[in-house]
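Below: the structure, in structure tokens.
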6 protein chains.
Amino acid sequence: SLLSNQRVVQEQDQIMLIETNLDDVTGEELSDATQILLEKGAKDVWTEPIIMKKGRPAYKLCLLAAPTKSEELVKILFEKTPSIGVRQQLMNRKIMQRSVKSVKTRFGDIHVKYLSYDGFSKISLEHDELVDLARKNKVAVRELRNRIMEFVQNN
Amino acid sequence: SLLSNQRVVQEQDQIMLIETNLDDVTGEELSDATQILLEKGAKDVWTEPIIMKKGRPAYKLCLLAAPTKSEELVKILFEKTPSIGVRQQLMNRKIMQRSVKSVKTRFGDIHVKYLSYDGFSKISLEHDELVDLARKNKVAVRELRNRIMEFVQNN
Amino acid sequence: SLLSNQRVVQEQDQIMLIETNLDDVTGEELSDATQILLEKGAKDVWTEPIIMKKGRPAYKLCLLAAPTKSEELVKILFEKTPSIGVRQQLMNRKIMQRSVKSVKTRFGDIHVKYLSYDGFSKISLEHDELVDLARKNKVAVRELRNRIMEFVQNN
Amino acid sequence: SLLSNQRVVQEQDQIMLIETNLDDVTGEELSDATQILLEKGAKDVWTEPIIMKKGRPAYKLCLLAAPTKSEELVKILFEKTPSIGVRQQLMNRKIMQRSVKSVKTRFGDIHVKYLSYDGFSKISLEHDELVDLARKNKVAVRELRNRIMEFVQNN
Amino acid sequence: SLLSNQRVVQEQDQIMLIETNLDDVTGEELSDATQILLEKGAKDVWTEPIIMKKGRPAYKLCLLAAPTKSEELVKILFEKTPSIGVRQQLMNRKIMQRSVKSVKTRFGDIHVKYLSYDGFSKISLEHDELVDLARKNKVAVRELRNRIMEFVQNN
Amino acid sequence: SLLSNQRVVQEQDQIMLIETNLDDVTGEELSDATQILLEKGAKDVWTEPIIMKKGRPAYKLCLLAAPTKSEELVKILFEKTPSIGVRQQLMNRKIMQRSVKSVKTRFGDIHVKYLSYDGFSKISLEHDELVDLARKNKVAVRELRNRIMEFVQNN
Ligand code: NI
Ligand code: NI
Ligand code: NI
Ligand code: NI
Ligand code: NI
Ligand code: NI
Ligand code: NI
Ligand code: NI
Ligand code: NI
Ligand code: NI
Ligand code: NI
Ligand code: NI
């Protein structure tokens, strides 16, 4: 698989948090902007319901960007939303070291993330892969997750 | 005073709850619609942040109307928001019996609501009146509330 | 077009509101369940952030169903979420009369909904169609909406 | 165990939904009121963040009560919050048939709920019992849940 | 007009973000504090619904201040809310260059913001001005916005 | 009393804000993690409802930690939630100077916090102590608060 054996070694890096408050955008438009920002390379995009001045219901649109991408993403944000100004902050990230392996199970192949941080380790599965496998195997997603977690821990 | 000695005797009545989900309205527009619906006679209007289909951030706009006013308010809602359909439900209200009296205090006059329900009674002050009196008396709103509550309970 | 000239004449019908509170489901699972319930015929599905007993962050999952479909959708909800009970309520809907026409514009064809209610009428465009046309015409979605609204109102 | 072999046979009953909007209560007070209403017999109590008139941030306090308990709970709600009126609605509940059994596992005893509805069945564990057992067995809650689910399904 | 021809040339500046979590304030009080902080010079003030320790429903009150105003606004925040501590962070702002012009339209005069950032430009109208003009011209706000946007783009 | 006469003299210090977005955790699990992080020394922990990519309902888990504790708390957060990465930011805190005294009242002993900042001073009572005293004295919490505030201000 594409991702197998990929390792992320460093436990810390920096990420730009970019935020803007919007009381003049619709939910449809926010959803579109989120999708485009992700396609253009944002690491994460999310919205938070807030109450702005004059008691207006509103949303805070937030995104995380690699520092080298942040200029480009701010410009896209101005193009794709009514925002006329954003605030941003370089934040430190602490991340678990990860290596991804493709694992053969009796339900099919699945990517397993092996995560570790300062002596603690855990395993993570990709939700969308589980959903696909569950559909193919006609089994509930939660049960499939349990089975694969158990298989991986015993092998 | 206009409200003094007014009594609401019944403890139960009926109210129409009207709701619509909106993913194509801005916060500014929702705020305007809320204001207009209140001016046109809605008993209460509020919004709730929700997540609609396709994961869109959205708002549920809710209003309470006297049953005889609900037809008119639905039409205003269609005129003032992008909504193309609402759902509604007649609900029972349980309300505390209330009588309002204008009370003279050393901070100025204030309306006091005397509320009772099945042997339990309490007192309520109107927030906006307190804010005005607090400003005139150059005292904190909470402290003024305490003082007036104490005065009313002892007189 | 499939939808052209389709008319919805009645202004009122009934819809079943079905709700369940969930503190034992993940966002990923809620999102999946929403998608499945819509595919199986729910008229609308949405989630509301709530705070449940013991102060737990939670979600209320809500859906609207045709009364004849509600039994089937409750069963799917039990199968696809951890819910072990739902509450439901038959509500009245007030809906604008609508007829849909396919309209040729210089940007391409688009479905236009003509809506009316008690003498008031308005026009609605489907957001996803606008997004597609905007991409093809390399124009901003809001500007395209304005242009088409103006074209439709003048023709 | 107290709950073993207890069965809930009916699949439908009625429940009173009681709601009030509050812009004059603190979070501490809402949390207290929730706790008291549950102690006094409410089936469920929750809060929803809303935006009330004048754009005020507020909460909708909701509770479910057996119809025979609703009068008593409304009175407690009036006593323990600033509410001066509630709206209520009798709703139908669809509930999965359930029987509870105490099951011996190698991690300790745990109550298992066997749930069924129209031919579909599933199993549910009580979260707080899992948390206790996980602490005693020095194992993660999710892993313990998986192990017990697997044990129960195979026995 | 006061604002005509005013230009904001710089594309970046710094703004202080000030935040405090409150579980002991009412919505009415939060709304008042928001209003006062804006009157005293805060650039923006908003609230976010959160869940605090002990599962209490609560609000995060956030404000943006010019760095030279932040000390004064923190003191006002302590005076006007129950907060006993705030956290703050100097953030960078990226803002679109703007120039404001008063434009004569057949509906009346309106201020138009011409915004640009790194070669991208857009136009913004002030919502409250639109609402006033719409009322005077007896036309829907959205339609008026469309008409004025079209007029401005063609002139 | 343990806290009497304790003084916090400094008006400023630094605090680490740690955040992670979670779409794969349940409300029950979030509530548990919050409790554990507080027990392990977090200064504050809260959750915010957000909407993540693919429109998933989710929560942002936030915590404040003394800079010397932040490493340890990040590790606990990785152990007790599905998070595989956090972002963090050292923020400045502005805090009111406080001294706590145990005060004898006719309702019982209670700790009173005397707070001051740049010439402004106020008083704060601990909510949970008030709730206990109110129960013992069979009086409403709000009324007890008023009485004690008045007593403290006059003595
Ligand atoms: Ni937030
Ligand atoms: Ni995931
Ligand atoms: Ni009067
Ligand atoms: Ni009020
Ligand atoms: Ni739509
Ligand atoms: Ni038992
Ligand atoms: Ni709601
Ligand atoms: Ni549970
Ligand atoms: Ni001007
Ligand atoms: Ni604006
Ligand atoms: Ni003490
Ligand atoms: Ni407190």
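Chain identifiers are assigned as A, B, and so on, following the order in which chains appear in the structure tokens; residues are numbered from 1 within each chain, and ligands are numbered from 1 in order of appearance.
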Step by step, measure atom-to-atom distances between ligand 5 and each residue using only C-alpha atoms and all ligand atoms, keep those at most 7 Å, then write them as an mmCIF file with all heavy atoms, in the first residue's frame.
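In the end it all went to pocket36.cif:
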```cif
data_model
loop_
_atom_site.group_PDB
_atom_site.id
_atom_site.type_symbol
_atom_site.label_atom_id
_atom_site.label_comp_id
_atom_site.auth_asym_id
_atom_site.auth_seq_id
_atom_site.Cartn_x
_atom_site.Cartn_y
_atom_site.Cartn_z
ATOM 1 N N ASP B 23 -30.087 26.222 6.257
ATOM 2 C CA ASP B 23 -28.651 26.187 5.946
ATOM 3 C C ASP B 23 -28.306 27.212 4.865
ATOM 4 O O ASP B 23 -27.196 27.215 4.350
ATOM 5 C CB ASP B 23 -28.204 24.784 5.503
ATOM 6 C CG ASP B 23 -28.852 24.344 4.200
ATOM 7 O OD1 ASP B 23 -29.609 25.111 3.593
ATOM 8 O OD2 ASP B 23 -28.587 23.200 3.778
ATOM 9 N N ASP B 24 -29.261 28.057 4.536
ATOM 10 C CA ASP B 24 -29.060 29.012 3.437
ATOM 11 C C ASP B 24 -29.409 30.437 3.869
ATOM 12 O O ASP B 24 -29.844 31.261 3.061
ATOM 13 C CB ASP B 24 -29.880 28.597 2.212
ATOM 14 C CG ASP B 24 -31.338 28.323 2.546
ATOM 15 O OD1 ASP B 24 -31.720 28.463 3.725
ATOM 16 O OD2 ASP B 24 -32.093 27.968 1.620
ATOM 17 N N GLU C 126 -31.300 25.640 -6.450
ATOM 18 C CA GLU C 126 -30.651 24.564 -5.717
ATOM 19 C C GLU C 126 -29.155 24.874 -5.605
ATOM 20 O O GLU C 126 -28.463 25.050 -6.594
ATOM 21 C CB GLU C 126 -30.905 23.230 -6.428
ATOM 22 C CG GLU C 126 -30.524 22.036 -5.603
ATOM 23 C CD GLU C 126 -30.992 22.139 -4.153
ATOM 24 O OE1 GLU C 126 -32.191 22.344 -3.895
ATOM 25 O OE2 GLU C 126 -30.115 22.047 -3.263
ATOM 26 N N HIS C 127 -28.678 24.929 -4.353
ATOM 27 C CA HIS C 127 -27.299 25.326 -4.097
ATOM 28 C C HIS C 127 -26.278 24.482 -4.869
ATOM 29 O O HIS C 127 -25.348 25.027 -5.472
ATOM 30 C CB HIS C 127 -27.014 25.264 -2.596
ATOM 31 C CG HIS C 127 -25.645 25.711 -2.234
ATOM 32 N ND1 HIS C 127 -25.274 27.033 -2.235
ATOM 33 C CD2 HIS C 127 -24.532 25.015 -1.891
ATOM 34 C CE1 HIS C 127 -24.012 27.137 -1.898
ATOM 35 N NE2 HIS C 127 -23.528 25.930 -1.684
#
```
Please report, as a ChimeraX atom specification, each residue of range 11-145 of chain D to which DSSP assigns alpha helix (DSSP H) when run on this structure's backbone.
/D:27-39,70-80,127-137,141-145
Just N, CA, C and O atoms for this one: save the residues we selected as a short mmCIF file (atom, residue, chain, number, x, y, z; two decimals), in the first residue's frame.
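Saved as part-v3.cif:
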```cif
data_model
loop_
_atom_site.label_atom_id
_atom_site.label_comp_id
_atom_site.auth_asym_id
_atom_site.auth_seq_id
_atom_site.Cartn_x
_atom_site.Cartn_y
_atom_site.Cartn_z
N GLY D 27 -24.65 28.74 34.50
CA GLY D 27 -24.33 27.34 34.24
C GLY D 27 -24.28 26.51 35.51
O GLY D 27 -24.73 25.37 35.53
N GLU D 28 -23.73 27.10 36.57
CA GLU D 28 -23.71 26.40 37.86
C GLU D 28 -25.13 26.07 38.32
O GLU D 28 -25.39 24.96 38.79
N GLU D 29 -26.03 27.03 38.18
CA GLU D 29 -27.41 26.80 38.61
C GLU D 29 -28.12 25.77 37.74
O GLU D 29 -28.88 24.94 38.23
N LEU D 30 -27.85 25.82 36.43
CA LEU D 30 -28.45 24.84 35.53
C LEU D 30 -28.00 23.43 35.87
O LEU D 30 -28.78 22.48 35.83
N SER D 31 -26.72 23.32 36.19
CA SER D 31 -26.15 22.02 36.53
C SER D 31 -26.80 21.48 37.81
O SER D 31 -27.15 20.30 37.90
N ASP D 32 -26.99 22.35 38.79
CA ASP D 32 -27.66 21.94 40.03
C ASP D 32 -29.10 21.50 39.76
O ASP D 32 -29.55 20.48 40.28
N ALA D 33 -29.81 22.29 38.97
CA ALA D 33 -31.22 21.98 38.70
C ALA D 33 -31.34 20.64 37.98
O ALA D 33 -32.24 19.84 38.26
N THR D 34 -30.43 20.39 37.05
CA THR D 34 -30.43 19.11 36.33
C THR D 34 -30.31 17.95 37.31
O THR D 34 -31.05 16.96 37.25
N GLN D 35 -29.37 18.08 38.24
CA GLN D 35 -29.12 17.02 39.21
C GLN D 35 -30.36 16.78 40.08
O GLN D 35 -30.77 15.64 40.31
N ILE D 36 -30.98 17.86 40.54
CA ILE D 36 -32.16 17.73 41.41
C ILE D 36 -33.33 17.11 40.65
O ILE D 36 -34.03 16.24 41.16
N LEU D 37 -33.55 17.54 39.41
CA LEU D 37 -34.67 17.00 38.64
C LEU D 37 -34.49 15.50 38.41
O LEU D 37 -35.46 14.73 38.45
N LEU D 38 -33.25 15.07 38.20
CA LEU D 38 -33.00 13.63 38.03
C LEU D 38 -33.26 12.89 39.35
O LEU D 38 -33.89 11.82 39.35
N GLU D 39 -32.81 13.47 40.45
CA GLU D 39 -33.05 12.83 41.75
C GLU D 39 -34.54 12.73 42.06
O GLU D 39 -34.99 11.78 42.71
N SER D 70 -45.22 14.45 35.85
CA SER D 70 -44.85 15.71 35.20
C SER D 70 -45.27 16.93 36.01
O SER D 70 -44.53 17.92 36.10
N GLU D 71 -46.44 16.88 36.63
CA GLU D 71 -46.89 18.01 37.45
C GLU D 71 -45.88 18.34 38.55
O GLU D 71 -45.52 19.49 38.77
N GLU D 72 -45.43 17.28 39.22
CA GLU D 72 -44.49 17.45 40.34
C GLU D 72 -43.16 18.04 39.84
O GLU D 72 -42.58 18.89 40.49
N LEU D 73 -42.73 17.57 38.67
CA LEU D 73 -41.43 18.03 38.17
C LEU D 73 -41.50 19.47 37.67
O LEU D 73 -40.53 20.22 37.79
N VAL D 74 -42.63 19.86 37.10
CA VAL D 74 -42.78 21.26 36.69
C VAL D 74 -42.66 22.17 37.92
O VAL D 74 -41.99 23.21 37.88
N LYS D 75 -43.28 21.77 39.00
CA LYS D 75 -43.20 22.59 40.21
C LYS D 75 -41.76 22.70 40.71
O LYS D 75 -41.30 23.79 41.10
N ILE D 76 -41.04 21.59 40.71
CA ILE D 76 -39.63 21.62 41.13
C ILE D 76 -38.82 22.53 40.20
O ILE D 76 -37.96 23.29 40.65
N LEU D 77 -39.11 22.44 38.91
CA LEU D 77 -38.40 23.29 37.95
C LEU D 77 -38.65 24.77 38.27
O LEU D 77 -37.72 25.59 38.20
N PHE D 78 -39.89 25.11 38.62
CA PHE D 78 -40.17 26.51 38.98
C PHE D 78 -39.42 26.91 40.26
O PHE D 78 -38.99 28.05 40.42
N GLU D 79 -39.29 25.95 41.19
CA GLU D 79 -38.61 26.26 42.45
C GLU D 79 -37.10 26.39 42.28
O GLU D 79 -36.46 27.18 42.97
N LYS D 80 -36.53 25.61 41.38
CA LYS D 80 -35.06 25.49 41.33
C LYS D 80 -34.42 26.28 40.18
O LYS D 80 -33.20 26.27 40.04
N HIS D 127 -21.82 2.18 30.91
CA HIS D 127 -20.52 2.83 30.85
C HIS D 127 -19.83 2.92 32.22
O HIS D 127 -18.62 2.64 32.34
N ASP D 128 -20.57 3.30 33.25
CA ASP D 128 -19.92 3.52 34.55
C ASP D 128 -19.39 2.21 35.15
O ASP D 128 -18.36 2.21 35.83
N GLU D 129 -20.10 1.10 34.90
CA GLU D 129 -19.58 -0.19 35.37
C GLU D 129 -18.28 -0.54 34.65
O GLU D 129 -17.34 -1.07 35.25
N LEU D 130 -18.24 -0.26 33.35
CA LEU D 130 -17.02 -0.52 32.58
C LEU D 130 -15.85 0.28 33.12
O LEU D 130 -14.73 -0.23 33.23
N VAL D 131 -16.12 1.55 33.45
CA VAL D 131 -15.05 2.41 33.95
C VAL D 131 -14.50 1.83 35.26
O VAL D 131 -13.27 1.77 35.47
N ASP D 132 -15.40 1.37 36.15
CA ASP D 132 -14.95 0.78 37.42
C ASP D 132 -14.11 -0.48 37.18
O ASP D 132 -13.04 -0.64 37.73
N LEU D 133 -14.63 -1.36 36.34
CA LEU D 133 -13.91 -2.61 36.05
C LEU D 133 -12.56 -2.32 35.39
O LEU D 133 -11.56 -3.00 35.68
N ALA D 134 -12.53 -1.34 34.51
CA ALA D 134 -11.28 -1.01 33.82
C ALA D 134 -10.24 -0.54 34.82
O ALA D 134 -9.05 -0.91 34.74
N ARG D 135 -10.67 0.26 35.78
CA ARG D 135 -9.73 0.74 36.80
C ARG D 135 -9.19 -0.43 37.63
O ARG D 135 -7.99 -0.54 37.85
N LYS D 136 -10.11 -1.34 38.05
CA LYS D 136 -9.68 -2.48 38.87
C LYS D 136 -8.74 -3.39 38.10
O LYS D 136 -7.80 -3.95 38.65
N ASN D 137 -8.98 -3.55 36.81
CA ASN D 137 -8.18 -4.47 35.99
C ASN D 137 -7.01 -3.75 35.30
O ASN D 137 -6.27 -4.39 34.56
N VAL D 141 -10.56 1.43 28.97
CA VAL D 141 -12.01 1.19 28.94
C VAL D 141 -12.43 0.60 27.59
O VAL D 141 -13.21 -0.35 27.54
N ARG D 142 -11.91 1.17 26.50
CA ARG D 142 -12.31 0.66 25.18
C ARG D 142 -11.90 -0.79 24.99
O ARG D 142 -12.65 -1.59 24.42
N GLU D 143 -10.70 -1.15 25.47
CA GLU D 143 -10.25 -2.52 25.29
C GLU D 143 -11.12 -3.46 26.12
O GLU D 143 -11.53 -4.52 25.66
N LEU D 144 -11.43 -3.04 27.34
CA LEU D 144 -12.28 -3.87 28.19
C LEU D 144 -13.65 -4.06 27.53
O LEU D 144 -14.20 -5.17 27.52
N ARG D 145 -14.19 -2.99 27.00
CA ARG D 145 -15.49 -3.10 26.32
C ARG D 145 -15.42 -4.15 25.20
O ARG D 145 -16.29 -5.02 25.10
#
```
Tell me the residues of chain F close to chain E, meaning within 9 Å using only C-alpha atoms, as a CSV table (one decimal) with N, CA and C atoms, in the first residue's frame.
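Output below, filename out_28.csv:
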```
chain,number,residue,atom,x,y,z
F,14,GLN,N,1.9,32.8,33.3
F,14,GLN,CA,1.7,32.1,32.0
F,14,GLN,C,1.1,30.8,32.1
F,15,ILE,N,0.3,30.4,31.1
F,15,ILE,CA,-0.5,29.2,31.2
F,15,ILE,C,-0.4,28.6,29.8
F,31,SER,N,-16.2,13.0,28.9
F,31,SER,CA,-16.5,13.3,30.3
F,31,SER,C,-15.5,12.7,31.2
F,34,THR,N,-12.0,14.4,30.8
F,34,THR,CA,-12.0,15.7,31.5
F,34,THR,C,-11.7,15.5,33.0
F,35,GLN,N,-12.4,14.5,33.6
F,35,GLN,CA,-12.3,14.3,35.0
F,35,GLN,C,-10.9,13.9,35.4
F,38,LEU,N,-8.3,16.7,35.1
F,38,LEU,CA,-8.4,17.6,36.2
F,38,LEU,C,-7.7,17.0,37.5
F,44,ASP,N,-7.7,23.9,34.1
F,44,ASP,CA,-9.1,23.9,33.6
F,44,ASP,C,-9.2,23.0,32.4
F,45,VAL,N,-10.3,22.4,32.2
F,45,VAL,CA,-10.6,21.5,31.1
F,45,VAL,C,-12.0,21.8,30.6
F,46,TRP,N,-12.2,22.0,29.3
F,46,TRP,CA,-13.5,22.2,28.8
F,46,TRP,C,-13.6,21.6,27.3
F,47,THR,N,-14.9,21.5,26.9
F,47,THR,CA,-15.1,21.0,25.5
F,47,THR,C,-16.0,22.0,24.8
F,48,GLU,N,-15.8,22.1,23.5
F,48,GLU,CA,-16.6,23.0,22.6
F,48,GLU,C,-17.1,22.2,21.5
F,49,PRO,N,-18.4,22.3,21.2
F,49,PRO,CA,-19.0,21.6,20.0
F,49,PRO,C,-18.5,22.2,18.7
F,89,GLN,N,-0.1,26.4,23.0
F,89,GLN,CA,0.2,27.8,22.9
F,89,GLN,C,0.4,28.3,24.4
F,90,LEU,N,1.6,29.0,24.6
F,90,LEU,CA,1.8,29.6,25.9
F,90,LEU,C,1.0,30.9,25.9
F,91,MET,N,0.1,31.1,26.8
F,91,MET,CA,-0.7,32.4,26.9
F,91,MET,C,-0.4,33.1,28.2
F,92,ASN,N,-0.5,34.4,28.1
F,92,ASN,CA,-0.4,35.2,29.3
F,92,ASN,C,-1.7,35.2,30.1
F,93,ARG,N,-1.7,35.1,31.4
F,93,ARG,CA,-2.9,35.3,32.2
F,93,ARG,C,-2.8,36.6,33.0
F,94,LYS,N,-4.0,37.3,33.0
F,94,LYS,CA,-4.1,38.4,33.9
F,94,LYS,C,-5.1,38.0,34.9
F,95,ILE,N,-4.7,38.0,36.2
F,95,ILE,CA,-5.5,37.5,37.2
F,95,ILE,C,-5.7,38.5,38.3
F,96,MET,N,-6.9,38.5,38.9
F,96,MET,CA,-7.2,39.4,40.0
F,96,MET,C,-6.4,38.9,41.2
F,97,GLN,N,-5.8,39.9,42.0
F,97,GLN,CA,-5.2,39.5,43.2
F,97,GLN,C,-6.2,39.0,44.2
F,98,ARG,N,-5.9,37.9,44.9
F,98,ARG,CA,-7.0,37.3,45.7
F,98,ARG,C,-6.5,37.0,47.1
F,115,LEU,N,-11.1,39.9,45.9
F,115,LEU,CA,-10.4,40.0,44.7
F,115,LEU,C,-10.1,41.5,44.3
F,116,SER,N,-9.0,41.8,43.8
F,116,SER,CA,-8.7,43.2,43.4
F,116,SER,C,-7.8,43.2,42.2
F,117,TYR,N,-8.0,44.2,41.4
F,117,TYR,CA,-7.2,44.4,40.2
F,117,TYR,C,-7.1,45.9,39.9
F,118,ASP,N,-6.0,46.5,40.0
F,118,ASP,CA,-5.8,47.8,39.5
F,118,ASP,C,-6.8,48.8,40.2
F,120,PHE,N,-9.8,48.2,41.4
F,120,PHE,CA,-11.1,47.6,41.4
F,120,PHE,C,-11.2,46.4,42.3
F,121,SER,N,-12.2,46.3,43.2
F,121,SER,CA,-12.2,45.0,44.0
F,121,SER,C,-13.6,44.5,44.0
F,122,LYS,N,-13.7,43.1,44.2
F,122,LYS,CA,-15.0,42.5,44.3
F,122,LYS,C,-14.8,41.2,45.2
F,124,SER,N,-16.1,37.1,45.9
F,124,SER,CA,-16.6,35.9,45.2
F,124,SER,C,-16.8,34.8,46.2
F,127,HIS,N,-19.4,28.4,44.7
F,127,HIS,CA,-20.8,27.9,44.5
F,127,HIS,C,-21.1,26.6,45.3
```
Based on DSSP run over this structure's backbone, return all residues of chain D in strand (DSSP E or B), as JSON, numbers by chain.
{"D": [6, 7, 8, 12, 13, 14, 15, 16, 17, 18, 19, 20, 21, 22, 44, 45, 46, 47, 48, 49, 50, 51, 52, 56, 57, 58, 59, 60, 61, 62, 63, 64, 65, 85, 86, 87, 88, 89, 90, 91, 92, 93, 94, 95, 97, 98, 99, 100, 101, 102, 103, 104, 105, 108, 109, 110, 111, 112, 113, 114, 115, 116, 117, 120, 121, 122, 123, 124, 125]}
Selected residues, C-alpha atoms, written as a PDB file, in the first residue's frame, please.
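Final file, result21.pdb:
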```pdb
ATOM      1  CA  GLN D   6     -35.725  -7.836  34.663  1.00  0.00           C
ATOM      2  CA  ARG D   7     -37.645  -7.518  31.411  1.00  0.00           C
ATOM      3  CA  VAL D   8     -39.260  -4.552  29.747  1.00  0.00           C
ATOM      4  CA  GLN D  12     -44.080   1.704  23.145  1.00  0.00           C
ATOM      5  CA  ASP D  13     -45.170   4.070  25.860  1.00  0.00           C
ATOM      6  CA  GLN D  14     -45.716   7.774  26.404  1.00  0.00           C
ATOM      7  CA  ILE D  15     -43.415  10.367  27.891  1.00  0.00           C
ATOM      8  CA  MET D  16     -43.896  14.035  28.676  1.00  0.00           C
ATOM      9  CA  LEU D  17     -41.364  16.426  27.145  1.00  0.00           C
ATOM     10  CA  ILE D  18     -41.069  19.625  29.238  1.00  0.00           C
ATOM     11  CA  GLU D  19     -39.039  22.603  27.996  1.00  0.00           C
ATOM     12  CA  THR D  20     -38.140  26.099  29.145  1.00  0.00           C
ATOM     13  CA  ASN D  21     -35.814  28.767  27.702  1.00  0.00           C
ATOM     14  CA  LEU D  22     -33.553  30.504  30.211  1.00  0.00           C
ATOM     15  CA  ASP D  44     -33.814  12.405  31.379  1.00  0.00           C
ATOM     16  CA  VAL D  45     -32.693  16.022  31.644  1.00  0.00           C
ATOM     17  CA  TRP D  46     -30.511  17.950  29.208  1.00  0.00           C
ATOM     18  CA  THR D  47     -29.607  21.472  28.100  1.00  0.00           C
ATOM     19  CA  GLU D  48     -29.216  22.941  24.624  1.00  0.00           C
ATOM     20  CA  PRO D  49     -27.313  26.155  23.849  1.00  0.00           C
ATOM     21  CA  ILE D  50     -29.635  28.639  22.110  1.00  0.00           C
ATOM     22  CA  ILE D  51     -29.780  32.327  21.205  1.00  0.00           C
ATOM     23  CA  MET D  52     -32.804  34.151  22.589  1.00  0.00           C
ATOM     24  CA  ARG D  56     -28.849  36.793  24.291  1.00  0.00           C
ATOM     25  CA  PRO D  57     -26.855  33.593  24.766  1.00  0.00           C
ATOM     26  CA  ALA D  58     -29.151  31.216  26.621  1.00  0.00           C
ATOM     27  CA  TYR D  59     -30.007  27.593  27.350  1.00  0.00           C
ATOM     28  CA  LYS D  60     -33.089  25.497  26.704  1.00  0.00           C
ATOM     29  CA  LEU D  61     -33.598  23.143  29.645  1.00  0.00           C
ATOM     30  CA  CYS D  62     -35.451  19.972  28.602  1.00  0.00           C
ATOM     31  CA  LEU D  63     -36.703  17.036  30.601  1.00  0.00           C
ATOM     32  CA  LEU D  64     -38.594  13.832  30.031  1.00  0.00           C
ATOM     33  CA  ALA D  65     -41.043  12.668  32.677  1.00  0.00           C
ATOM     34  CA  GLY D  85     -43.428  29.119  32.413  1.00  0.00           C
ATOM     35  CA  VAL D  86     -42.812  25.835  30.604  1.00  0.00           C
ATOM     36  CA  ARG D  87     -44.242  24.218  27.505  1.00  0.00           C
ATOM     37  CA  GLN D  88     -44.932  20.502  27.390  1.00  0.00           C
ATOM     38  CA  GLN D  89     -45.920  17.809  24.964  1.00  0.00           C
ATOM     39  CA  LEU D  90     -46.869  14.165  25.394  1.00  0.00           C
ATOM     40  CA  MET D  91     -44.673  12.159  23.019  1.00  0.00           C
ATOM     41  CA  ASN D  92     -44.715   8.513  22.010  1.00  0.00           C
ATOM     42  CA  ARG D  93     -41.648   6.480  22.808  1.00  0.00           C
ATOM     43  CA  LYS D  94     -40.490   3.512  20.800  1.00  0.00           C
ATOM     44  CA  ILE D  95     -38.195   1.445  22.963  1.00  0.00           C
ATOM     45  CA  GLN D  97     -37.348  -4.628  24.532  1.00  0.00           C
ATOM     46  CA  ARG D  98     -34.691  -5.219  27.119  1.00  0.00           C
ATOM     47  CA  SER D  99     -33.663  -7.861  29.633  1.00  0.00           C
ATOM     48  CA  VAL D 100     -30.706  -7.358  31.947  1.00  0.00           C
ATOM     49  CA  LYS D 101     -28.446 -10.190  33.135  1.00  0.00           C
ATOM     50  CA  SER D 102     -25.440 -10.174  35.429  1.00  0.00           C
ATOM     51  CA  VAL D 103     -22.603 -11.903  33.621  1.00  0.00           C
ATOM     52  CA  LYS D 104     -19.410 -13.293  35.179  1.00  0.00           C
ATOM     53  CA  THR D 105     -16.302 -12.436  33.143  1.00  0.00           C
ATOM     54  CA  GLY D 108     -15.406  -9.288  37.152  1.00  0.00           C
ATOM     55  CA  ASP D 109     -19.227  -9.253  37.116  1.00  0.00           C
ATOM     56  CA  ILE D 110     -21.022  -6.872  34.783  1.00  0.00           C
ATOM     57  CA  HIS D 111     -24.639  -6.195  33.853  1.00  0.00           C
ATOM     58  CA  VAL D 112     -25.431  -6.880  30.213  1.00  0.00           C
ATOM     59  CA  LYS D 113     -28.527  -5.418  28.560  1.00  0.00           C
ATOM     60  CA  TYR D 114     -29.985  -7.657  25.847  1.00  0.00           C
ATOM     61  CA  LEU D 115     -32.023  -5.425  23.543  1.00  0.00           C
ATOM     62  CA  SER D 116     -34.369  -6.372  20.732  1.00  0.00           C
ATOM     63  CA  TYR D 117     -36.802  -4.611  18.408  1.00  0.00           C
ATOM     64  CA  PHE D 120     -33.117  -6.906  15.432  1.00  0.00           C
ATOM     65  CA  SER D 121     -31.102  -7.430  18.603  1.00  0.00           C
ATOM     66  CA  LYS D 122     -28.041  -5.889  20.193  1.00  0.00           C
ATOM     67  CA  ILE D 123     -26.156  -5.760  23.481  1.00  0.00           C
ATOM     68  CA  SER D 124     -25.371  -2.787  25.687  1.00  0.00           C
ATOM     69  CA  LEU D 125     -23.051  -2.348  28.668  1.00  0.00           C
TER      70      LEU D 125
END
```
